[in-house]
$ cat entry20.txt   # compact mmCIF, C-alpha atoms
# COMPACT_ATOMS: atom_id res chain seq x y z
CA MET A 4 -27.24 13.91 41.55
CA TRP A 5 -28.63 14.61 38.08
CA PHE A 6 -26.08 14.43 35.29
CA ARG A 7 -25.83 15.00 31.57
CA ARG A 8 -23.61 13.21 29.11
CA LYS A 9 -23.40 13.99 25.43
CA SER A 10 -22.76 11.15 23.04
CA SER A 11 -19.59 11.19 20.97
CA LYS A 12 -21.58 10.89 17.77
CA PRO A 13 -24.01 13.63 16.80
CA ALA A 14 -27.09 12.47 14.96
CA LEU A 15 -27.49 14.16 11.57
CA GLU A 16 -30.89 15.72 11.21
CA SER A 17 -32.17 14.68 7.79
CA THR A 18 -31.27 13.85 4.20
CA ASN A 19 -33.03 14.38 0.90
CA SER A 20 -34.13 11.68 -1.53
CA ALA A 21 -30.66 11.56 -3.06
CA GLY A 22 -29.13 10.71 0.27
CA THR A 23 -27.37 14.07 0.67
CA PHE A 24 -28.05 16.78 3.22
CA PRO A 25 -29.96 19.83 2.07
CA ASP A 26 -28.02 23.08 2.35
CA ASN A 27 -30.17 24.39 5.17
CA ALA A 28 -29.58 21.22 7.21
CA ARG A 29 -25.80 20.92 6.83
CA SER A 30 -25.16 23.17 9.80
CA ARG A 31 -27.87 21.61 11.92
CA VAL A 32 -27.23 18.32 13.70
CA SER A 33 -29.01 16.90 16.72
CA ILE A 34 -26.68 15.98 19.57
CA LEU A 35 -27.77 12.91 21.49
CA GLN A 36 -27.64 13.42 25.21
CA ARG A 37 -28.04 11.11 28.20
CA ALA A 38 -29.48 12.15 31.54
CA ARG A 39 -30.57 10.58 34.80
CA LEU A 40 -34.18 11.74 34.88
CA PRO A 41 -37.03 11.52 37.46
CA VAL A 42 -39.68 9.22 36.05
CA ASP A 43 -42.38 11.88 36.40
CA LEU A 44 -40.70 13.86 33.62
CA LEU A 45 -40.57 11.10 31.00
CA LYS A 46 -41.85 11.96 27.53
CA PRO A 47 -42.66 9.79 24.49
CA GLY A 48 -39.69 9.58 22.13
CA MET A 49 -37.08 9.23 24.89
CA ARG A 50 -34.94 6.12 24.75
CA ILE A 51 -34.76 4.30 28.09
CA VAL A 52 -31.15 3.20 28.54
CA SER A 53 -31.23 1.83 32.11
CA LEU A 54 -33.35 1.82 35.27
CA ASP A 55 -32.70 2.34 38.98
CA ARG A 56 -33.33 -1.40 39.42
CA PRO A 57 -32.79 -4.54 37.32
CA TRP A 58 -34.95 -4.76 34.21
CA THR A 59 -36.39 -8.03 35.49
CA GLN A 60 -38.02 -6.16 38.40
CA VAL A 61 -40.24 -4.12 36.06
CA PRO A 62 -42.98 -5.56 33.79
CA VAL A 63 -41.62 -4.28 30.47
CA LEU A 64 -41.03 -6.38 27.37
CA PHE A 65 -37.60 -5.14 26.38
CA GLN A 66 -34.38 -4.06 28.06
CA GLY A 67 -33.72 -0.70 26.50
CA PHE A 68 -36.53 0.76 24.41
CA THR A 69 -37.96 4.04 23.13
CA LEU A 70 -41.07 5.31 24.88
CA THR A 71 -43.93 5.35 22.41
CA ASP A 72 -46.82 6.33 24.68
CA ASP A 73 -47.70 7.29 28.24
CA ASP A 74 -48.80 3.74 29.12
CA GLU A 75 -45.15 2.67 29.04
CA ALA A 76 -44.09 5.74 31.02
CA GLN A 77 -46.78 4.98 33.59
CA ILE A 78 -45.31 1.53 34.27
CA LEU A 79 -41.92 3.12 34.90
CA ARG A 80 -43.49 5.69 37.24
CA GLN A 81 -45.08 2.92 39.29
CA TYR A 82 -41.88 0.95 39.87
CA CYS A 83 -38.93 3.34 39.45
CA GLU A 84 -37.84 6.71 40.82
CA TRP A 85 -35.38 7.57 38.06
CA VAL A 86 -34.14 6.18 34.75
CA LEU A 87 -31.25 6.92 32.42
CA VAL A 88 -32.61 8.29 29.16
CA GLU A 89 -31.19 9.30 25.81
CA ASP A 90 -32.71 11.92 23.56
CA GLU A 91 -31.83 14.80 21.30
CA GLU A 92 -30.27 17.68 23.20
CA ASP A 93 -32.79 20.28 22.09
CA ARG A 94 -35.65 18.03 23.26
CA LEU A 95 -34.06 16.92 26.50
CA ASN A 96 -32.75 20.23 27.85
CA PRO A 97 -36.20 21.79 28.44
CA VAL A 98 -37.20 18.66 30.39
CA LEU A 99 -34.05 18.83 32.51
CA ASP A 100 -34.93 22.43 33.33
CA GLN A 101 -38.10 21.12 35.02
CA VAL A 102 -36.19 19.01 37.58
CA SER A 103 -35.81 21.91 40.01
CA LEU A 104 -39.50 22.78 39.62
CA LEU A 105 -40.45 19.19 40.44
CA LYS A 106 -38.35 19.24 43.60
CA ARG A 107 -39.77 22.63 44.61
CA ARG A 108 -43.33 21.27 44.40
CA THR A 109 -43.02 19.54 47.78
CA THR A 110 -42.29 22.88 49.45
CA GLU A 111 -45.61 24.38 48.35
CA PRO A 112 -49.14 23.70 49.65
CA LEU A 113 -51.40 21.41 47.68
CA PRO A 114 -53.24 23.55 45.11
CA GLU A 115 -56.94 24.23 45.66
CA THR A 116 -59.69 25.10 43.19
CA ARG A 117 -62.51 25.19 45.76
CA THR A 118 -62.75 26.38 49.34
CA LEU A 119 -63.07 23.89 52.17
CA ALA A 120 -66.67 24.97 52.72
CA GLN A 121 -67.44 24.41 49.05
CA GLU A 122 -65.84 20.97 48.93
CA ILE A 123 -66.99 19.45 52.24
CA PRO A 124 -70.49 18.39 51.00
CA ARG A 125 -69.05 16.58 47.98
CA ALA A 126 -66.24 15.11 50.10
CA GLN A 127 -68.74 13.58 52.53
CA GLU A 128 -70.81 12.08 49.71
CA THR A 129 -67.68 10.64 48.12
CA TRP A 130 -66.45 9.32 51.46
CA ASN A 131 -69.77 7.60 52.13
CA ARG A 132 -69.92 6.00 48.68
CA THR A 133 -66.34 4.73 48.94
CA GLN A 134 -66.94 3.39 52.44
CA ALA A 135 -70.05 1.59 51.18
CA PHE A 136 -67.94 0.00 48.43
CA VAL A 137 -65.37 -1.28 50.94
CA GLU A 138 -68.13 -2.68 53.15
CA GLU A 139 -69.69 -4.44 50.14
CA VAL A 140 -66.33 -5.99 49.22
CA THR A 141 -65.92 -7.08 52.83
CA ARG A 142 -69.27 -8.85 52.81
CA LYS A 143 -68.52 -10.60 49.52
CA ILE A 144 -65.12 -11.84 50.70
CA GLU A 145 -66.61 -13.12 53.94
CA ALA A 146 -69.36 -14.88 51.98
CA GLY A 147 -66.91 -16.32 49.45
CA LYS A 148 -68.54 -14.51 46.51
CA ASP A 149 -66.82 -13.31 43.35
CA LEU A 150 -65.48 -9.78 43.35
CA ASN A 151 -65.59 -7.08 40.71
CA LEU A 152 -62.73 -4.92 41.92
CA GLN A 153 -62.73 -2.78 38.80
CA SER A 154 -65.87 -1.21 40.25
CA ALA A 155 -63.49 0.48 42.69
CA ARG A 156 -62.20 2.67 39.86
CA PRO A 157 -65.25 5.03 39.68
CA VAL A 158 -65.31 5.63 43.44
CA ILE A 159 -61.57 6.27 43.49
CA ARG A 160 -62.02 8.67 40.59
CA GLU A 161 -64.47 10.65 42.73
CA CYS A 162 -61.91 10.69 45.56
CA VAL A 163 -59.27 12.01 43.17
CA GLU A 164 -61.53 14.82 41.98
CA SER A 165 -62.29 15.84 45.57
CA VAL A 166 -58.62 15.77 46.58
CA LYS A 167 -57.68 17.84 43.52
CA ALA A 168 -60.33 20.43 44.42
CA ASN A 169 -59.38 20.70 48.12
CA ALA A 170 -57.51 17.86 49.83
CA SER A 171 -58.29 19.24 53.29
CA ALA A 172 -61.99 18.35 52.88
CA MET A 173 -61.11 14.66 52.61
CA PHE A 174 -58.50 15.04 55.35
CA TRP A 175 -61.25 16.35 57.63
CA MET A 176 -63.43 13.34 56.77
CA SER A 177 -60.54 10.97 57.52
CA ARG A 178 -60.26 12.21 61.11
CA ILE A 179 -63.72 10.91 62.02
CA LYS A 180 -62.73 7.39 63.05
CA SER A 181 -64.49 4.33 64.44
CA ARG A 182 -62.50 1.80 66.46
CA ASP A 183 -64.93 -0.96 65.46
CA ALA A 184 -64.56 -0.35 61.71
CA TYR A 185 -60.78 -0.06 61.62
CA THR A 186 -59.96 -2.27 58.62
CA ALA A 187 -62.54 -0.74 56.26
CA GLU A 188 -61.88 2.85 57.32
CA HIS A 189 -58.12 2.27 57.30
CA CYS A 190 -58.23 1.23 53.64
CA LEU A 191 -60.28 4.31 52.79
CA ARG A 192 -58.02 6.69 54.70
CA VAL A 193 -54.89 5.18 53.14
CA ALA A 194 -56.43 5.61 49.69
CA ILE A 195 -57.18 9.29 50.33
CA PHE A 196 -53.76 10.08 51.73
CA CYS A 197 -52.04 8.14 48.93
CA VAL A 198 -53.85 10.20 46.29
CA ALA A 199 -52.98 13.46 48.07
CA PHE A 200 -49.37 12.38 48.68
CA ALA A 201 -48.88 11.31 45.07
CA ARG A 202 -50.20 14.69 43.92
CA PHE A 203 -47.93 16.45 46.41
CA LEU A 204 -44.93 14.57 44.99
CA GLY A 205 -45.85 15.74 41.50
CA LEU A 206 -47.15 12.53 39.96
CA PRO A 207 -49.26 13.11 36.83
CA ASP A 208 -53.04 13.04 37.18
CA ASP A 209 -53.21 9.72 35.30
CA ASP A 210 -51.38 8.03 38.19
CA LEU A 211 -53.59 9.33 40.98
CA GLU A 212 -56.39 6.82 40.36
CA THR A 213 -53.92 3.94 40.24
CA VAL A 214 -52.19 4.88 43.47
CA GLY A 215 -55.62 5.37 45.03
CA MET A 216 -56.56 1.83 43.98
CA CYS A 217 -53.34 0.58 45.57
CA GLY A 218 -54.23 2.30 48.82
CA LEU A 219 -57.85 1.19 48.85
CA LEU A 220 -57.09 -2.49 48.21
CA HIS A 221 -53.71 -2.88 49.94
CA ASP A 222 -55.08 -4.58 53.09
CA LEU A 223 -57.80 -6.69 51.50
CA GLY A 224 -55.97 -9.84 52.58
CA LYS A 225 -56.76 -9.03 56.22
CA LEU A 226 -60.36 -9.99 55.52
CA LYS A 227 -59.12 -13.58 55.15
CA VAL A 228 -57.28 -13.55 58.47
CA PRO A 229 -59.23 -15.28 61.29
CA ASP A 230 -61.16 -12.73 63.33
CA GLU A 231 -59.75 -14.03 66.61
CA VAL A 232 -56.30 -13.02 65.35
CA LEU A 233 -57.22 -9.88 63.42
CA ASN A 234 -59.18 -8.35 66.30
CA LYS A 235 -57.44 -9.89 69.27
CA PRO A 236 -57.49 -7.31 72.09
CA GLY A 237 -54.15 -8.40 73.54
CA ALA A 238 -50.64 -9.00 72.25
CA LEU A 239 -50.25 -11.59 69.49
CA THR A 240 -48.26 -14.76 70.06
CA PRO A 241 -45.43 -15.60 67.60
CA ASP A 242 -47.75 -18.04 65.80
CA GLU A 243 -50.48 -15.40 65.60
CA HIS A 244 -47.97 -12.88 64.25
CA SER A 245 -47.12 -15.38 61.54
CA ILE A 246 -50.79 -15.77 60.67
CA MET A 247 -51.29 -11.98 60.60
CA ARG A 248 -48.36 -11.52 58.26
CA GLN A 249 -50.00 -13.82 55.75
CA HIS A 250 -52.46 -11.02 54.89
CA THR A 251 -50.01 -9.60 52.33
CA THR A 252 -49.79 -12.90 50.44
CA LEU A 253 -53.51 -13.59 50.80
CA GLY A 254 -54.30 -10.15 49.39
CA TYR A 255 -51.83 -10.62 46.56
CA GLU A 256 -53.43 -13.91 45.52
CA LEU A 257 -56.89 -12.35 45.73
CA LEU A 258 -55.99 -9.38 43.52
CA ARG A 259 -53.78 -11.25 41.09
CA ALA A 260 -56.78 -13.40 40.18
CA ASP A 261 -58.47 -10.28 38.76
CA SER A 262 -56.81 -9.76 35.38
CA SER A 263 -58.55 -6.41 34.92
CA LEU A 264 -56.46 -4.81 37.68
CA ASP A 265 -53.18 -3.08 37.00
CA PRO A 266 -50.34 -5.42 38.16
CA ILE A 267 -48.95 -2.67 40.42
CA VAL A 268 -52.04 -3.02 42.66
CA SER A 269 -51.23 -6.62 43.57
CA ASP A 270 -47.53 -5.72 43.82
CA VAL A 271 -48.31 -3.10 46.47
CA THR A 272 -50.65 -5.45 48.31
CA CYS A 273 -47.86 -8.01 48.55
CA HIS A 274 -45.02 -5.63 49.39
CA HIS A 275 -46.38 -2.75 51.49
CA HIS A 276 -44.74 -4.26 54.59
CA GLU A 277 -41.32 -4.68 52.96
CA ARG A 278 -38.70 -2.38 54.45
CA MET A 279 -35.67 -0.55 53.09
CA ASP A 280 -33.29 -2.47 55.37
CA GLY A 281 -34.51 -5.83 54.10
CA GLN A 282 -36.23 -6.71 57.38
CA GLY A 283 -39.82 -6.51 56.14
CA TYR A 284 -42.17 -9.26 54.98
CA PRO A 285 -43.21 -11.45 53.25
CA GLN A 286 -40.05 -11.72 51.12
CA GLN A 287 -37.47 -9.58 52.95
CA LEU A 288 -36.87 -7.61 49.74
CA ALA A 289 -33.82 -5.42 49.36
CA GLU A 290 -34.32 -1.68 48.92
CA TRP A 291 -33.93 -1.76 45.14
CA GLN A 292 -36.57 -4.50 44.85
CA ILE A 293 -39.38 -2.44 46.42
CA SER A 294 -41.49 -0.59 43.88
CA ARG A 295 -42.02 3.14 44.14
CA PHE A 296 -45.76 2.78 44.77
CA ALA A 297 -45.16 0.15 47.49
CA ARG A 298 -42.77 2.58 49.22
CA LEU A 299 -45.37 5.34 49.05
CA VAL A 300 -48.21 3.20 50.38
CA SER A 301 -46.05 1.75 53.18
CA ILE A 302 -45.53 5.23 54.66
CA VAL A 303 -49.21 6.15 54.54
CA ASP A 304 -50.21 2.73 55.88
CA ALA A 305 -47.85 3.06 58.86
CA PHE A 306 -48.94 6.64 59.58
CA ASP A 307 -52.62 5.73 59.72
CA ALA A 308 -52.00 2.57 61.75
CA ILE A 309 -50.02 4.53 64.34
CA THR A 310 -52.60 7.31 64.71
CA SER A 311 -55.75 5.13 64.72
CA ASP A 312 -57.50 3.53 67.68
CA ARG A 313 -57.29 -0.24 67.56
CA CYS A 314 -59.09 -2.95 69.50
CA TYR A 315 -55.96 -3.38 71.64
CA ARG A 316 -54.71 0.23 72.03
CA ASP A 317 -55.51 3.90 71.47
CA GLY A 318 -53.99 5.73 68.55
CA LEU A 319 -50.98 7.98 69.10
CA PRO A 320 -50.93 11.73 68.34
CA THR A 321 -49.80 12.85 64.90
CA SER A 322 -46.63 14.32 66.41
CA ASP A 323 -45.63 10.88 67.71
CA ALA A 324 -46.35 9.26 64.34
CA ILE A 325 -44.20 11.86 62.60
CA ARG A 326 -41.34 11.20 65.01
CA ILE A 327 -41.59 7.44 64.44
CA LEU A 328 -41.57 7.81 60.66
CA TYR A 329 -38.69 10.30 60.75
CA ARG A 330 -36.63 8.13 63.11
CA ASN A 331 -37.06 5.14 60.79
CA ARG A 332 -36.45 6.94 57.50
CA GLY A 333 -33.77 5.22 55.43
CA GLN A 334 -34.09 2.06 57.52
CA GLN A 335 -37.72 1.05 57.24
CA PHE A 336 -39.06 3.75 54.94
CA ASP A 337 -37.82 5.67 51.91
CA ALA A 338 -36.05 8.68 53.42
CA SER A 339 -36.96 11.30 50.81
CA MET A 340 -40.58 10.18 50.74
CA VAL A 341 -40.86 10.34 54.55
CA GLU A 342 -39.53 13.88 54.58
CA ALA A 343 -41.97 14.91 51.84
CA PHE A 344 -44.89 13.22 53.63
CA ILE A 345 -44.11 15.09 56.84
CA ARG A 346 -44.06 18.36 54.90
CA MET A 347 -47.48 17.56 53.45
CA VAL A 348 -49.15 16.43 56.70
CA GLY A 349 -47.58 19.08 58.94
CA VAL A 350 -47.30 19.08 62.71
CA TYR A 351 -50.99 20.01 62.98
CA PRO A 352 -52.85 18.18 60.17
CA PRO A 353 -56.09 19.54 58.69
CA GLY A 354 -58.94 18.80 61.07
CA SER A 355 -56.83 19.17 64.21
CA LEU A 356 -58.24 21.22 67.08
CA VAL A 357 -55.79 23.76 68.52
CA GLU A 358 -55.63 26.62 71.01
CA LEU A 359 -53.89 29.78 69.87
CA SER A 360 -51.59 32.00 71.90
CA THR A 361 -54.48 34.49 72.01
CA GLY A 362 -56.62 31.94 73.85
CA GLU A 363 -58.86 31.42 70.82
CA VAL A 364 -59.79 27.87 69.77
CA ALA A 365 -59.56 26.88 66.10
CA ILE A 366 -59.71 23.97 63.67
CA VAL A 367 -56.79 23.56 61.27
CA VAL A 368 -57.97 24.13 57.69
CA ALA A 369 -54.78 23.55 55.70
CA THR A 370 -51.04 23.17 56.22
CA HIS A 371 -48.08 24.89 54.59
CA PRO A 372 -45.04 22.65 53.93
CA GLY A 373 -42.63 25.53 54.48
CA ARG A 374 -44.28 26.71 57.71
CA LYS A 375 -45.27 23.56 59.59
CA LEU A 376 -46.11 25.40 62.82
CA ARG A 377 -48.25 28.06 61.16
CA PRO A 378 -51.15 26.47 59.27
CA ARG A 379 -54.36 28.08 58.06
CA VAL A 380 -57.01 27.80 60.79
CA GLU A 381 -60.70 28.53 61.34
CA ILE A 382 -61.44 30.36 64.58
CA MET A 383 -64.38 28.78 66.44
CA LEU A 384 -64.13 30.24 69.98
CA ASP A 385 -62.87 33.59 71.23
CA ALA A 386 -60.30 34.04 74.01
CA GLY A 387 -63.05 33.56 76.59
CA LYS A 388 -63.99 30.24 74.94
CA LYS A 389 -67.28 31.67 73.68
CA PRO A 390 -68.57 30.73 70.19
CA VAL A 391 -67.91 33.27 67.43
CA GLU A 392 -68.79 33.50 63.77
CA PRO A 393 -66.18 31.16 62.20
CA ARG A 394 -63.45 32.98 60.32
CA VAL A 395 -60.34 31.66 58.58
CA ILE A 396 -56.91 33.16 59.21
CA ASP A 397 -53.53 32.18 57.83
CA LEU A 398 -51.05 32.05 60.71
CA ALA A 399 -48.17 32.09 58.25
CA ALA A 400 -49.39 35.41 56.86
CA THR A 401 -50.33 37.20 60.09
CA THR A 402 -47.98 39.85 61.42
CA ALA A 403 -47.56 41.77 64.66
CA PHE A 404 -49.81 44.84 64.96
CA GLN A 405 -49.63 47.80 67.36
CA GLY A 406 -47.12 46.13 69.62
CA ARG A 407 -49.01 42.85 69.83
CA THR A 408 -47.33 39.62 68.73
CA SER A 409 -48.87 37.67 65.87
CA PRO A 410 -50.97 34.67 66.96
CA GLU A 411 -49.46 31.20 66.91
CA ILE A 412 -50.50 27.74 68.05
CA ALA A 413 -50.04 27.31 71.80
CA ARG A 414 -51.10 23.67 72.08
CA PRO A 415 -53.09 20.93 70.37
CA LEU A 416 -56.46 20.00 71.84
CA PRO A 417 -58.43 16.74 71.77
CA ASP A 418 -61.46 16.75 69.52
CA GLY A 419 -64.47 17.93 71.53
CA ALA A 420 -62.49 20.22 73.83
CA PHE A 421 -64.51 23.25 74.97
CA GLY A 422 -67.47 21.78 73.08
CA VAL A 423 -65.83 22.10 69.63
CA SER A 424 -66.25 18.97 67.52
CA LEU A 425 -64.92 18.40 64.01
CA HIS A 426 -67.92 16.22 63.23
CA ASP A 427 -70.29 19.00 64.29
CA ARG A 428 -68.44 21.55 62.18
CA ILE A 429 -68.62 19.28 59.12
CA GLN A 430 -72.37 18.91 59.62
CA GLN A 431 -72.74 22.70 59.90
CA LEU A 432 -70.95 23.20 56.60
CA ILE A 433 -73.09 20.56 54.91
CA ALA A 434 -76.34 21.99 56.33
CA VAL A 435 -75.48 25.51 55.22
CA PRO A 436 -73.35 25.09 52.08
CA ASP A 437 -71.10 27.93 50.97
CA GLN A 438 -73.03 30.35 48.76
CA ASN A 439 -70.26 30.17 46.19
CA ALA A 440 -70.38 26.38 45.93
CA SER A 441 -70.98 25.06 42.47

$ encode --input "entry20.txt" --output "C-alpha cells"
Amino acid sequence: MWFRRKSSKPALESTNSAGTFPDNARSRVSILQRARLPVDLLKPGMRIVSLDRPWTQVPVLFQGFTLTDDDEAQILRQYCEWVLVEDEEDRLNPVLDQVSLLKRRTTEPLPETRTLAQEIPRAQETWNRTQAFVEEVTRKIEAGKDLNLQSARPVIRECVESVKANASAMFWMSRIKSRDAYTAEHCLRVAIFCVAFARFLGLPDDDLETVGMCGLLHDLGKLKVPDEVLNKPGALTPDEHSIMRQHTTLGYELLRADSSLDPIVSDVTCHHHERMDGQGYPQQLAEWQISRFARLVSIVDAFDAITSDRCYRDGLPTSDAIRILYRNRGQQFDASMVEAFIRMVGVYPPGSLVELSTGEVAIVVATHPGRKLRPRVEIMLDAGKKPVEPRVIDLAATTAFQGRTSPEIARPLPDGAFGVSLHDRIQQLIAVPDQNAS
C-alpha cells in the first residue's frame, strides 16, 4: 500500500540577504512529505530515507542520501522495488499521481512504432549478430582466452531498439529453436524476453540495456561445467547436480573479473536460481536479499528452460510453463512479477500457430494483456486449409456479424501443421519486405 506522511515541520521557502523572508514568500512554505514510492518513479532531488531491504544489500555509499543524478536512481532500480522518499509536497504529489499509471501499464500491450512486417528483417539481422557474439564468447571461454564482455553492449542495444519498435518480431525469432545449441540460444532468448519484460513493467529506457546484459550473460558459467554433465541425456546424479549448480558461482567469478561491467550483471549471474522461499542456490538467500533484476531474470530463465527442447527431454507447451510459474508464484518466484509476465506472454505467445473456430489457420502476431485468449493473428489458411493472402485480424476487436459468432481460437497447433511454418513465414517477410519499411 502506498502511503503519504507529512513532516511536522514545514520547510520555509527562502530568505533574503538580511535573513528575513520577503513579503511575497511569507505565505509560501514547502511542506516536506514522505512516501513509499516505486523505484521507477524516482527523481533527482528526492531524499532516500529507507529501502525495501537493508542498506548493506545495495551498493550505495551512504545510508540516507539525496538523489543527485539518474546513475544513483538506476542502482536503486536494479536492486529495489520501492523506497521511502522525502521531498517537498508540491514536487512529490505529481509523482505520486503517476503510481496508478505505472500499475496500469502492465494491462496494456507493448507499444509498437513499426509493423511486424517492417521489423522482421532488422530483427533477424540483430538476432544473427547477437547469436554470433554468444558463439564467439563460447569459443573464447572454451579456449581459455580473455573476454571483452563490454562488446556485448552494442549488440544488446540493437536488441533493445528492435524490441522497442515491435517486440513480436524478436518473439517470432525466439521460437526458432535448436536442441543442439540450447545454451547459446537460451542466453539470447532470455536477453530478449528480459528487455521486453522490463519495458512491459515500465522500467526506463536506460535500464533496458542493463537488464538485457543480465539476461545475455546470466548462464555464462555453464560453459565451464564439464560437457558430460551439462549435456548428459539422462537424469543427473546428486554429485552431478552439485556440479551443475556451480555454474552460478563460476559465472559470477567470470563476470566479476571484468571491472567494466555493471555490478548488477554479476549479481544476477550469481543469484538467478535463488528462490523467494529461501530454497534456491547457491546461497539460499531470503526473499529480501534477492535483487529486483535477479527476480526478473529468474522468471524468464525458468520460462525458457521449461519450453525449450533439451538433450534429455522435449520442451513443454507455453500453457504448461505458465501453469508452473503461476503455481510457484510467491514461493519460488516473485508473485507480482509472475502475474505481469503471464499478462505479457499470453496464453498464445507471438509466433504460435493456432486454428480458429472458423477453421482458418493463423500465426499469432501480438498478445493483449487484458484479453489473453484473443490475440492479434495473421490468417495463413482458409477454412478448407488452402493458402490465402495473409491478412491480420485482431480477435479482441472482432464482433459478431449477421448472426455469425466472432472468430476465436479453437486450439493451438504444432509448428508446421497443415504446411504452415513460422520459419517459412519469416523468410517470406524478409524476401518481400513491407513497402512501408524504413

$ closest_residue --input "entry20.txt" --among "A:Leu70, A:Asn96, A:Val61, A:Ile246" --to "Gln36 of chain A" --atoms "all atoms listed in the file"
A:Asn96

$ closest_atom_pairs --input "entry20.txt" --of "segment 290-357 of chain A" --to "segment 230-245 of chain A" --cutoff "12 Å" --atoms "all atoms listed in the file" --output "CSV"
residue,atom,partner,partner_atom,distance
A:Asp312,CA,A:Pro236,CA,11.7
A:Arg313,CA,A:Pro236,CA,8.4
A:Cys314,CA,A:Pro236,CA,5.3
A:Tyr315,CA,A:Pro236,CA,4.2
A:Arg316,CA,A:Pro236,CA,8.0
A:Asp317,CA,A:Pro236,CA,11.4

$ closest_residue --input "entry20.txt" --among "A:Asp270, A:Asp265, A:Asp149, A:Glu122" --to "Cys162 of chain A" --atoms "only C-alpha atoms"
A:Glu122

$ residues_near_point --input "entry20.txt" --point "(-48.1, 18.8, 61.5)" --cutoff "12 Å" --atoms "only C-alpha atoms" --output "ChimeraX atom specification"
/A:320-326,344-357,367-379,412,415

$ atom_distance --input "entry20.txt" --atom1 "atom CA of Asp90 of chain A" --atom2 "atom CA of Ser53 of chain A"
13.3 Å

$ closest_residue --input "entry20.txt" --among "A:Ile309, A:Ile366, A:Leu152, A:Ala386" --to "Asp427 of chain A" --atoms "only C-alpha atoms"
A:Ile366

$ residues_near_point --input "entry20.txt" --point "(-35.0, -2.5, 46.0)" --cutoff "9 Å" --atoms "only C-alpha atoms" --output "list in words"
Asp55, Arg56, Gln60, Met279, Gly281, Leu288, Ala289, Glu290, Trp291, Gln292, Ile293 and Ser294 of chain A

$ residues_around --input "entry20.txt" --residues "Pro410 of chain A" --least-positions-apart "4" --cutoff "12 Å" --atoms "only C-alpha atoms" --output "VMD selection string"
chain A and resid 358 to 365 376 to 380 382 386 396 to 404

$ closest_residue --input "entry20.txt" --among "A:Val98, A:Leu220, A:Pro41, A:Ala187" --to "Asn131 of chain A" --atoms "only C-alpha atoms"
A:Ala187

$ residues_around --input "entry20.txt" --residues "Val42 of chain A" --least-positions-apart "6" --cutoff "7 Å" --atoms "only C-alpha atoms" --output "PyMOL selection string"
chain A and resi 79-80+83-86
